[in-house]
Amino acid sequence: MSNFLNEKTARLAPYVPGEQPKDKKYIKLNTNESPFPPSKRALSLAKKEMANCNLYPDPDCSALISEIAKTVKVKPENVIVSNGSDEVLNFAFIAYCSENAPAIFPDITYGFYKVFAGVNGVPYKEIALKGDFSIDVNDYLDKNGVIFIANPNAPTGLTIPLSDIEKLLKKNKNRVVVIDEAYVDFGGESAVKLIKKYDNLLVTQTFSKSRSMAGARLGFGVASEKIINDLKTVKYSTNPYNVNRVTAAMGIGALKDKKYFSDNISSIIKNREDTTLALKNLGFECLDSKTNFIFAKSDKILGENLYLKLKEKGILVRHFNKERISDYIRVTVGSASEMQAFITAVKEILGE
Ligand code: PMP
């Protein structure tokens, strides 16, 4: 840390991304990426667009936004695009959280929410998940502030029904509710359809997981036109060209390639269910995941130990050194052969 750093920045506890080691080639099941490459259509549009990179991108991203709007069945005025969904989440912290409107989120959820609160200098309140790791929306009904709920939640993989989200929206129409749907395509139900009814709802989604574009950084928010305009104020005050030309072109290709998308989702769901069954047969307890990862624990081995032993065998999973979940590992669902290698390694480690 230099002597020049201001106090606010010196106090920050930055987000720690999943490790990306370079010492050898690992089977990467630690950052919830897709094992499948981007769609061919996405790649060919991206390649063409590279030739135009001497020009700034369209700051409004009109073509991409109109494709997203068509896909999620809203109007283009209801969509904003961002550099990964992290960015639109940060826009929401900037736009809506304040000393009087703390961010409110579960104690076990996406670790970046706390970091966004920190970097924006706004308070946050954590609400404990129930003993079974579920979210009870009744715990949020009377809270004033801005609610952030990942649905499905991470790293648990559990969902809440839309009726619960509606309960939150209805209870206090003067409070913004952000539903982070990074993993919704793997079996959750999207709250996007509620934006017509509730103008205090913001739904965020990403191309990082189900559309194989984590490296291209593309996310979006869907909300009432007023909320989208608030977020645009933030975007145009920070980085009007937040989505580059190549990524925008790729995004359009990915959305048009509907069959590739649905085939990949089906594979991931099948691999998730097969792996969950195999883990259960080995005595693991697995939460009911509706995502592209499995949150699992065994009473035969501690989470950290299993993580380290898998790493020795060239398989990376994620372990969180955090109260209540330190017994667990989070395993990204990869291809069938990757999951086979994972299960074989677990069997060897357990001596089965
Ligand atoms: N929300 C959740 C719950 C996540 O796990 C992630 C991925 N780490 C994100 C949002 C952000 O993903 P991205 O910025 O790649 O869209």
# chains A, B, ... in the order shown; residues from 1 in each chain; ligands from 1
>>> residues_near_ligand(ligand="ligand 1", cutoff="9 Å", atoms="only C-alpha atoms and all ligand atoms", output="MDAnalysis selection string")
chainID A and resid 17:18 31:33 82:89 109:113 149:155 180:183 204:209 213:220
>>> residues_around(residues="A:Met1", least_positions_apart="6", cutoff="12 Å", atoms="only C-alpha atoms", output="list in words")
Glu7, Thr9, Ala10, Arg11 and Leu12 of chain A
>>> closest_atom_pairs(of="stretch 255-348 of chain A", to="stretch 46-70 of chain A", cutoff="12 Å", atoms="only C-alpha atoms", output="Markdown table")
| residue | atom | partner | partner_atom | distance |
| --- | --- | --- | --- | --- |
| A:Leu255 | CA | A:Glu67 | CA | 7.1 |
| A:Lys256 | CA | A:Glu67 | CA | 8.1 |
| A:Asp257 | CA | A:Glu67 | CA | 11.6 |
>>> residues_around(residues="stretch 267-278 of chain A", least_positions_apart="6", cutoff="12 Å", atoms="only C-alpha atoms", output="short mmCIF file (atom, residue, chain, number, x, y, z; two decimals) with N, CA, C and O atoms, in the first residue's frame")
data_model
loop_
_atom_site.label_atom_id
_atom_site.label_comp_id
_atom_site.auth_asym_id
_atom_site.auth_seq_id
_atom_site.Cartn_x
_atom_site.Cartn_y
_atom_site.Cartn_z
N ASN A 32 -17.53 -21.60 -11.67
CA ASN A 32 -18.86 -21.65 -12.29
C ASN A 32 -18.90 -21.17 -13.74
O ASN A 32 -19.88 -20.56 -14.18
N GLU A 33 -17.79 -21.43 -14.45
CA GLU A 33 -17.80 -21.13 -15.89
C GLU A 33 -18.47 -22.28 -16.63
O GLU A 33 -18.67 -23.35 -16.06
N SER A 34 -18.76 -22.06 -17.90
CA SER A 34 -19.28 -23.14 -18.73
C SER A 34 -18.12 -23.96 -19.27
O SER A 34 -17.09 -23.40 -19.65
N PRO A 35 -18.26 -25.28 -19.33
CA PRO A 35 -17.20 -26.10 -19.94
C PRO A 35 -17.25 -26.02 -21.46
O PRO A 35 -16.33 -26.49 -22.13
N PHE A 36 -18.32 -25.45 -22.00
CA PHE A 36 -18.50 -25.42 -23.46
C PHE A 36 -18.03 -24.08 -24.03
O PHE A 36 -18.20 -23.04 -23.40
N GLY A 157 -27.11 -22.72 -4.10
CA GLY A 157 -27.82 -23.24 -5.28
C GLY A 157 -29.32 -23.32 -5.08
O GLY A 157 -30.04 -23.78 -5.98
N TYR A 183 -27.69 -17.41 -12.20
CA TYR A 183 -27.78 -18.86 -12.46
C TYR A 183 -29.17 -19.31 -12.87
O TYR A 183 -29.45 -20.51 -12.88
N ASP A 185 -30.86 -19.70 -15.52
CA ASP A 185 -31.12 -20.55 -16.70
C ASP A 185 -30.99 -22.04 -16.42
O ASP A 185 -31.40 -22.86 -17.23
N PHE A 186 -30.39 -22.38 -15.27
CA PHE A 186 -30.16 -23.80 -14.98
C PHE A 186 -31.30 -24.42 -14.16
O PHE A 186 -31.10 -25.47 -13.55
N GLY A 187 -32.45 -23.77 -14.13
CA GLY A 187 -33.58 -24.40 -13.45
C GLY A 187 -34.39 -23.49 -12.54
O GLY A 187 -35.36 -23.93 -11.92
N GLY A 188 -34.02 -22.23 -12.45
CA GLY A 188 -34.80 -21.29 -11.64
C GLY A 188 -35.94 -20.70 -12.45
O GLY A 188 -36.08 -20.98 -13.65
N LYS A 209 -22.38 -17.59 -17.57
CA LYS A 209 -22.55 -18.99 -17.18
C LYS A 209 -23.22 -19.78 -18.31
O LYS A 209 -22.57 -20.54 -19.01
N SER A 210 -24.53 -19.58 -18.47
CA SER A 210 -25.29 -20.39 -19.42
C SER A 210 -24.94 -20.08 -20.87
O SER A 210 -25.23 -20.87 -21.76
N ARG A 211 -24.34 -18.93 -21.14
CA ARG A 211 -24.03 -18.57 -22.54
C ARG A 211 -22.52 -18.59 -22.82
O ARG A 211 -22.06 -18.02 -23.82
N SER A 212 -21.75 -19.21 -21.93
CA SER A 212 -20.33 -19.49 -22.18
C SER A 212 -19.50 -18.24 -22.51
O SER A 212 -18.63 -18.29 -23.37
N TYR A 260 -28.06 -24.15 -29.43
CA TYR A 260 -26.79 -24.39 -28.72
C TYR A 260 -26.98 -24.11 -27.22
O TYR A 260 -26.55 -24.88 -26.36
N PHE A 261 -27.68 -23.00 -26.95
CA PHE A 261 -27.95 -22.60 -25.57
C PHE A 261 -28.75 -23.69 -24.85
O PHE A 261 -28.35 -24.18 -23.79
N PHE A 284 -22.33 -38.26 0.56
CA PHE A 284 -22.35 -36.79 0.64
C PHE A 284 -23.77 -36.28 0.85
O PHE A 284 -24.74 -36.90 0.40
N GLU A 285 -23.83 -35.13 1.50
CA GLU A 285 -25.09 -34.41 1.58
C GLU A 285 -24.99 -33.29 0.54
O GLU A 285 -24.00 -32.54 0.54
N CYS A 286 -25.95 -33.22 -0.37
CA CYS A 286 -25.90 -32.19 -1.43
C CYS A 286 -27.16 -31.35 -1.34
O CYS A 286 -28.26 -31.89 -1.24
N LEU A 287 -27.01 -30.03 -1.41
CA LEU A 287 -28.20 -29.17 -1.44
C LEU A 287 -28.85 -29.32 -2.82
O LEU A 287 -28.21 -29.70 -3.79
N ASP A 288 -30.15 -28.98 -2.87
CA ASP A 288 -30.92 -29.16 -4.11
C ASP A 288 -30.62 -28.02 -5.09
O ASP A 288 -31.33 -27.03 -5.14
N SER A 289 -29.56 -28.18 -5.86
CA SER A 289 -29.09 -27.10 -6.71
C SER A 289 -29.93 -26.90 -7.96
O SER A 289 -30.27 -27.85 -8.65
N LYS A 290 -30.22 -25.64 -8.25
CA LYS A 290 -30.85 -25.29 -9.53
C LYS A 290 -29.87 -24.43 -10.34
O LYS A 290 -30.27 -23.52 -11.07
N THR A 291 -28.58 -24.71 -10.16
CA THR A 291 -27.54 -23.89 -10.80
C THR A 291 -26.55 -24.79 -11.56
O THR A 291 -26.81 -25.98 -11.72
N ASN A 292 -25.43 -24.21 -11.95
CA ASN A 292 -24.38 -25.04 -12.58
C ASN A 292 -23.29 -25.38 -11.57
O ASN A 292 -22.12 -25.49 -11.94
N PHE A 293 -23.67 -25.48 -10.30
CA PHE A 293 -22.72 -25.95 -9.29
C PHE A 293 -23.45 -26.77 -8.24
O PHE A 293 -24.68 -26.73 -8.14
N ILE A 294 -22.65 -27.54 -7.48
CA ILE A 294 -23.22 -28.40 -6.44
C ILE A 294 -22.53 -28.04 -5.13
O ILE A 294 -21.29 -27.92 -5.09
N PHE A 295 -23.31 -27.85 -4.10
CA PHE A 295 -22.76 -27.51 -2.78
C PHE A 295 -22.92 -28.77 -1.93
O PHE A 295 -24.04 -29.22 -1.68
N ALA A 296 -21.79 -29.35 -1.54
CA ALA A 296 -21.85 -30.69 -0.94
C ALA A 296 -20.89 -30.85 0.22
O ALA A 296 -19.85 -30.19 0.27
N LYS A 297 -21.27 -31.71 1.16
CA LYS A 297 -20.35 -32.03 2.26
C LYS A 297 -20.43 -33.50 2.61
O LYS A 297 -21.45 -34.17 2.36
N ARG A 330 -17.83 -26.35 -3.07
CA ARG A 330 -18.72 -25.98 -4.18
C ARG A 330 -18.07 -26.45 -5.47
O ARG A 330 -16.93 -26.05 -5.78
N VAL A 331 -18.77 -27.27 -6.18
CA VAL A 331 -18.21 -27.90 -7.39
C VAL A 331 -18.97 -27.40 -8.61
O VAL A 331 -20.19 -27.63 -8.73
N THR A 332 -18.29 -26.73 -9.50
CA THR A 332 -18.93 -26.31 -10.75
C THR A 332 -19.24 -27.55 -11.58
O THR A 332 -18.43 -28.48 -11.63
N VAL A 333 -20.40 -27.54 -12.22
CA VAL A 333 -20.75 -28.67 -13.09
C VAL A 333 -20.08 -28.47 -14.45
O VAL A 333 -20.37 -27.50 -15.16
N GLY A 334 -19.17 -29.37 -14.78
CA GLY A 334 -18.47 -29.29 -16.05
C GLY A 334 -19.03 -30.29 -17.05
O GLY A 334 -20.20 -30.70 -16.96
N SER A 335 -18.19 -30.71 -17.97
CA SER A 335 -18.61 -31.69 -18.98
C SER A 335 -18.74 -33.06 -18.30
O SER A 335 -18.23 -33.27 -17.18
N ALA A 336 -19.35 -34.02 -19.01
CA ALA A 336 -19.54 -35.36 -18.44
C ALA A 336 -18.18 -35.98 -18.07
O ALA A 336 -18.03 -36.58 -17.00
N SER A 337 -17.17 -35.79 -18.93
CA SER A 337 -15.88 -36.43 -18.63
C SER A 337 -15.19 -35.74 -17.44
O SER A 337 -14.54 -36.39 -16.62
N GLU A 338 -15.35 -34.42 -17.33
CA GLU A 338 -14.77 -33.73 -16.16
C GLU A 338 -15.43 -34.21 -14.87
O GLU A 338 -14.75 -34.43 -13.85
N MET A 339 -16.74 -34.41 -14.93
CA MET A 339 -17.45 -34.84 -13.71
C MET A 339 -17.09 -36.28 -13.36
O MET A 339 -17.02 -36.64 -12.19
N GLN A 340 -16.84 -37.06 -14.40
CA GLN A 340 -16.40 -38.44 -14.17
C GLN A 340 -15.04 -38.44 -13.47
O GLN A 340 -14.82 -39.16 -12.49
N ALA A 341 -14.14 -37.58 -13.96
CA ALA A 341 -12.80 -37.48 -13.35
C ALA A 341 -12.92 -36.99 -11.90
O ALA A 341 -12.21 -37.47 -11.01
N PHE A 342 -13.84 -36.07 -11.66
CA PHE A 342 -14.05 -35.55 -10.31
C PHE A 342 -14.52 -36.67 -9.37
O PHE A 342 -13.96 -36.86 -8.29
N ILE A 343 -15.50 -37.44 -9.82
CA ILE A 343 -16.05 -38.50 -8.96
C ILE A 343 -14.98 -39.58 -8.71
O ILE A 343 -14.82 -40.06 -7.58
N THR A 344 -14.22 -39.92 -9.75
CA THR A 344 -13.14 -40.90 -9.58
C THR A 344 -12.15 -40.41 -8.53
O THR A 344 -11.73 -41.16 -7.63
N VAL A 346 -12.67 -38.25 -6.09
CA VAL A 346 -13.29 -38.25 -4.76
C VAL A 346 -13.26 -39.68 -4.18
O VAL A 346 -12.92 -39.88 -3.02
N LYS A 347 -13.58 -40.65 -5.03
CA LYS A 347 -13.57 -42.05 -4.57
C LYS A 347 -12.18 -42.44 -4.08
O LYS A 347 -12.03 -43.06 -3.03
#
>>> residues_around(residues="A:Asn172", least_positions_apart="5", cutoff="10 Å", atoms="only C-alpha atoms", output="compact mmCIF listing (two decimals) with N, CA, C and O atoms, in the first residue's frame")
# COMPACT_ATOMS: atom_id res chain seq x y z
N LEU A 141 -39.27 -8.47 5.22
CA LEU A 141 -40.45 -7.66 4.90
C LEU A 141 -40.38 -6.26 5.51
O LEU A 141 -40.73 -5.29 4.88
N ASP A 142 -39.94 -6.18 6.76
CA ASP A 142 -39.96 -4.88 7.44
C ASP A 142 -38.63 -4.14 7.39
O ASP A 142 -38.45 -3.14 8.08
N LYS A 143 -37.71 -4.63 6.60
CA LYS A 143 -36.40 -3.98 6.55
C LYS A 143 -36.42 -2.83 5.54
O LYS A 143 -36.91 -2.98 4.43
N ASN A 144 -35.90 -1.69 5.99
CA ASN A 144 -35.79 -0.56 5.07
C ASN A 144 -34.40 -0.55 4.47
O ASN A 144 -33.42 -0.73 5.18
N LYS A 167 -44.04 -11.01 -2.66
CA LYS A 167 -44.35 -10.60 -1.29
C LYS A 167 -43.45 -9.42 -0.87
O LYS A 167 -43.91 -8.44 -0.30
N VAL A 177 -35.89 -3.74 -4.86
CA VAL A 177 -35.51 -5.14 -4.65
C VAL A 177 -34.72 -5.59 -5.88
O VAL A 177 -35.22 -5.48 -7.01
N ASN A 200 -40.42 -1.26 -8.65
CA ASN A 200 -39.31 -1.25 -7.68
C ASN A 200 -38.43 -2.50 -7.81
O ASN A 200 -37.63 -2.80 -6.94
>>> atom_distance(atom1="atom CA of A:Glu225", atom2="atom CA of A:Gly118")
27.8 Å
>>> atom_distance(atom1="atom CA of A:Val79", atom2="atom CA of A:Lys258")
19.8 Å
>>> residues_around(residues="stretch 301-308 of chain A", least_positions_apart="5", cutoff="8 Å", atoms="only C-alpha atoms", output="PDB file with all heavy atoms, in the first residue's frame")
ATOM      1  N   LEU A 316      -9.730 -28.521  -9.455  1.00  0.00           N
ATOM      2  CA  LEU A 316      -9.973 -27.354  -8.611  1.00  0.00           C
ATOM      3  C   LEU A 316     -11.453 -27.216  -8.303  1.00  0.00           C
ATOM      4  O   LEU A 316     -12.284 -27.173  -9.215  1.00  0.00           O
ATOM      5  CB  LEU A 316      -9.569 -26.083  -9.349  1.00  0.00           C
ATOM      6  CG  LEU A 316      -8.120 -25.642  -9.312  1.00  0.00           C
ATOM      7  CD1 LEU A 316      -8.006 -24.295 -10.023  1.00  0.00           C
ATOM      8  CD2 LEU A 316      -7.608 -25.529  -7.893  1.00  0.00           C
ATOM      9  N   VAL A 317     -11.783 -27.161  -7.009  1.00  0.00           N
ATOM     10  CA  VAL A 317     -13.153 -26.816  -6.606  1.00  0.00           C
ATOM     11  C   VAL A 317     -13.025 -25.620  -5.671  1.00  0.00           C
ATOM     12  O   VAL A 317     -11.919 -25.162  -5.387  1.00  0.00           O
ATOM     13  CB  VAL A 317     -13.869 -28.009  -5.913  1.00  0.00           C
ATOM     14  CG1 VAL A 317     -13.990 -29.193  -6.854  1.00  0.00           C
ATOM     15  CG2 VAL A 317     -13.174 -28.401  -4.615  1.00  0.00           C
ATOM     16  N   ARG A 318     -14.155 -25.106  -5.181  1.00  0.00           N
ATOM     17  CA  ARG A 318     -14.075 -23.923  -4.306  1.00  0.00           C
ATOM     18  C   ARG A 318     -14.427 -24.313  -2.877  1.00  0.00           C
ATOM     19  O   ARG A 318     -15.385 -25.056  -2.638  1.00  0.00           O
ATOM     20  CB  ARG A 318     -15.038 -22.847  -4.836  1.00  0.00           C
ATOM     21  CG  ARG A 318     -14.918 -21.497  -4.147  1.00  0.00           C
ATOM     22  CD  ARG A 318     -14.240 -20.473  -5.018  1.00  0.00           C
ATOM     23  NE  ARG A 318     -13.790 -19.352  -4.206  1.00  0.00           N
ATOM     24  CZ  ARG A 318     -14.133 -18.091  -4.415  1.00  0.00           C
ATOM     25  NH1 ARG A 318     -14.900 -17.761  -5.426  1.00  0.00           N
ATOM     26  NH2 ARG A 318     -13.671 -17.129  -3.641  1.00  0.00           N
ATOM     27  N   HIS A 319     -13.619 -23.820  -1.948  1.00  0.00           N
ATOM     28  CA  HIS A 319     -13.917 -24.005  -0.531  1.00  0.00           C
ATOM     29  C   HIS A 319     -14.013 -22.627   0.113  1.00  0.00           C
ATOM     30  O   HIS A 319     -13.209 -21.751  -0.186  1.00  0.00           O
ATOM     31  CB  HIS A 319     -12.804 -24.825   0.141  1.00  0.00           C
ATOM     32  CG  HIS A 319     -12.967 -24.889   1.622  1.00  0.00           C
ATOM     33  ND1 HIS A 319     -12.191 -24.159   2.492  1.00  0.00           N
ATOM     34  CD2 HIS A 319     -13.864 -25.578   2.378  1.00  0.00           C
ATOM     35  CE1 HIS A 319     -12.596 -24.414   3.731  1.00  0.00           C
ATOM     36  NE2 HIS A 319     -13.604 -25.260   3.683  1.00  0.00           N
ATOM     37  N   ASN A 321     -13.825 -20.577   3.570  1.00  0.00           N
ATOM     38  CA  ASN A 321     -13.450 -20.676   4.979  1.00  0.00           C
ATOM     39  C   ASN A 321     -14.347 -19.761   5.786  1.00  0.00           C
ATOM     40  O   ASN A 321     -13.933 -18.720   6.263  1.00  0.00           O
ATOM     41  CB  ASN A 321     -11.987 -20.254   5.122  1.00  0.00           C
ATOM     42  CG  ASN A 321     -11.329 -21.035   6.215  1.00  0.00           C
ATOM     43  OD1 ASN A 321     -12.038 -21.659   7.024  1.00  0.00           O
ATOM     44  ND2 ASN A 321     -10.023 -21.025   6.257  1.00  0.00           N
ATOM     45  N   SER A 326     -18.028 -24.081   6.139  1.00  0.00           N
ATOM     46  CA  SER A 326     -16.635 -24.514   5.932  1.00  0.00           C
ATOM     47  C   SER A 326     -16.526 -26.031   5.730  1.00  0.00           C
ATOM     48  O   SER A 326     -15.487 -26.515   5.282  1.00  0.00           O
ATOM     49  CB  SER A 326     -15.744 -24.045   7.079  1.00  0.00           C
ATOM     50  OG  SER A 326     -16.214 -24.624   8.272  1.00  0.00           O
ATOM     51  N   ASP A 327     -17.582 -26.774   6.055  1.00  0.00           N
ATOM     52  CA  ASP A 327     -17.555 -28.224   5.807  1.00  0.00           C
ATOM     53  C   ASP A 327     -17.813 -28.558   4.337  1.00  0.00           C
ATOM     54  O   ASP A 327     -17.645 -29.697   3.909  1.00  0.00           O
ATOM     55  CB  ASP A 327     -18.666 -28.930   6.613  1.00  0.00           C
ATOM     56  CG  ASP A 327     -18.334 -28.965   8.092  1.00  0.00           C
ATOM     57  OD1 ASP A 327     -17.188 -28.631   8.447  1.00  0.00           O
ATOM     58  OD2 ASP A 327     -19.235 -29.297   8.882  1.00  0.00           O
ATOM     59  N   TYR A 328     -18.274 -27.568   3.584  1.00  0.00           N
ATOM     60  CA  TYR A 328     -18.745 -27.834   2.211  1.00  0.00           C
ATOM     61  C   TYR A 328     -17.677 -27.553   1.164  1.00  0.00           C
ATOM     62  O   TYR A 328     -16.747 -26.783   1.399  1.00  0.00           O
ATOM     63  CB  TYR A 328     -19.942 -26.927   1.892  1.00  0.00           C
ATOM     64  CG  TYR A 328     -21.218 -27.340   2.578  1.00  0.00           C
ATOM     65  CD1 TYR A 328     -21.439 -27.052   3.923  1.00  0.00           C
ATOM     66  CD2 TYR A 328     -22.214 -28.029   1.888  1.00  0.00           C
ATOM     67  CE1 TYR A 328     -22.614 -27.428   4.562  1.00  0.00           C
ATOM     68  CE2 TYR A 328     -23.392 -28.401   2.513  1.00  0.00           C
ATOM     69  CZ  TYR A 328     -23.589 -28.099   3.851  1.00  0.00           C
ATOM     70  OH  TYR A 328     -24.748 -28.481   4.469  1.00  0.00           O
ATOM     71  N   ILE A 329     -17.853 -28.161   0.000  1.00  0.00           N
ATOM     72  CA  ILE A 329     -17.137 -27.692  -1.190  1.00  0.00           C
ATOM     73  C   ILE A 329     -18.200 -27.294  -2.226  1.00  0.00           C
ATOM     74  O   ILE A 329     -19.325 -27.824  -2.198  1.00  0.00           O
ATOM     75  CB  ILE A 329     -16.187 -28.756  -1.807  1.00  0.00           C
ATOM     76  CG1 ILE A 329     -16.938 -30.064  -2.108  1.00  0.00           C
ATOM     77  CG2 ILE A 329     -14.987 -28.999  -0.919  1.00  0.00           C
ATOM     78  CD1 ILE A 329     -16.172 -30.994  -3.032  1.00  0.00           C
ATOM     79  N   VAL A 346     -12.674 -38.249  -6.091  1.00  0.00           N
ATOM     80  CA  VAL A 346     -13.294 -38.252  -4.755  1.00  0.00           C
ATOM     81  C   VAL A 346     -13.262 -39.677  -4.181  1.00  0.00           C
ATOM     82  O   VAL A 346     -12.918 -39.877  -3.016  1.00  0.00           O
ATOM     83  CB  VAL A 346     -14.744 -37.701  -4.801  1.00  0.00           C
ATOM     84  CG1 VAL A 346     -15.445 -37.907  -3.461  1.00  0.00           C
ATOM     85  CG2 VAL A 346     -14.743 -36.226  -5.183  1.00  0.00           C
ATOM     86  N   ILE A 349      -9.830 -40.471  -2.975  1.00  0.00           N
ATOM     87  CA  ILE A 349      -9.515 -39.733  -1.735  1.00  0.00           C
ATOM     88  C   ILE A 349     -10.202 -40.395  -0.539  1.00  0.00           C
ATOM     89  O   ILE A 349      -9.620 -40.518   0.542  1.00  0.00           O
ATOM     90  CB  ILE A 349      -9.921 -38.239  -1.891  1.00  0.00           C
ATOM     91  CG1 ILE A 349      -9.004 -37.558  -2.909  1.00  0.00           C
ATOM     92  CG2 ILE A 349      -9.893 -37.510  -0.556  1.00  0.00           C
ATOM     93  CD1 ILE A 349      -9.497 -36.222  -3.429  1.00  0.00           C
ATOM     94  N   LEU A 350     -11.438 -40.817  -0.747  1.00  0.00           N
ATOM     95  CA  LEU A 350     -12.173 -41.449   0.370  1.00  0.00           C
ATOM     96  C   LEU A 350     -11.774 -42.911   0.552  1.00  0.00           C
ATOM     97  O   LEU A 350     -12.250 -43.570   1.480  1.00  0.00           O
ATOM     98  CB  LEU A 350     -13.684 -41.347   0.134  1.00  0.00           C
ATOM     99  CG  LEU A 350     -14.293 -39.940   0.102  1.00  0.00           C
ATOM    100  CD1 LEU A 350     -15.802 -40.015  -0.092  1.00  0.00           C
ATOM    101  CD2 LEU A 350     -13.964 -39.155   1.375  1.00  0.00           C
TER     102      LEU A 350
END
>>> select_by_dssp(residues="stretch 208-291 of chain A", states="helix (DSSP H, G or I)", output="count of residues only")
53
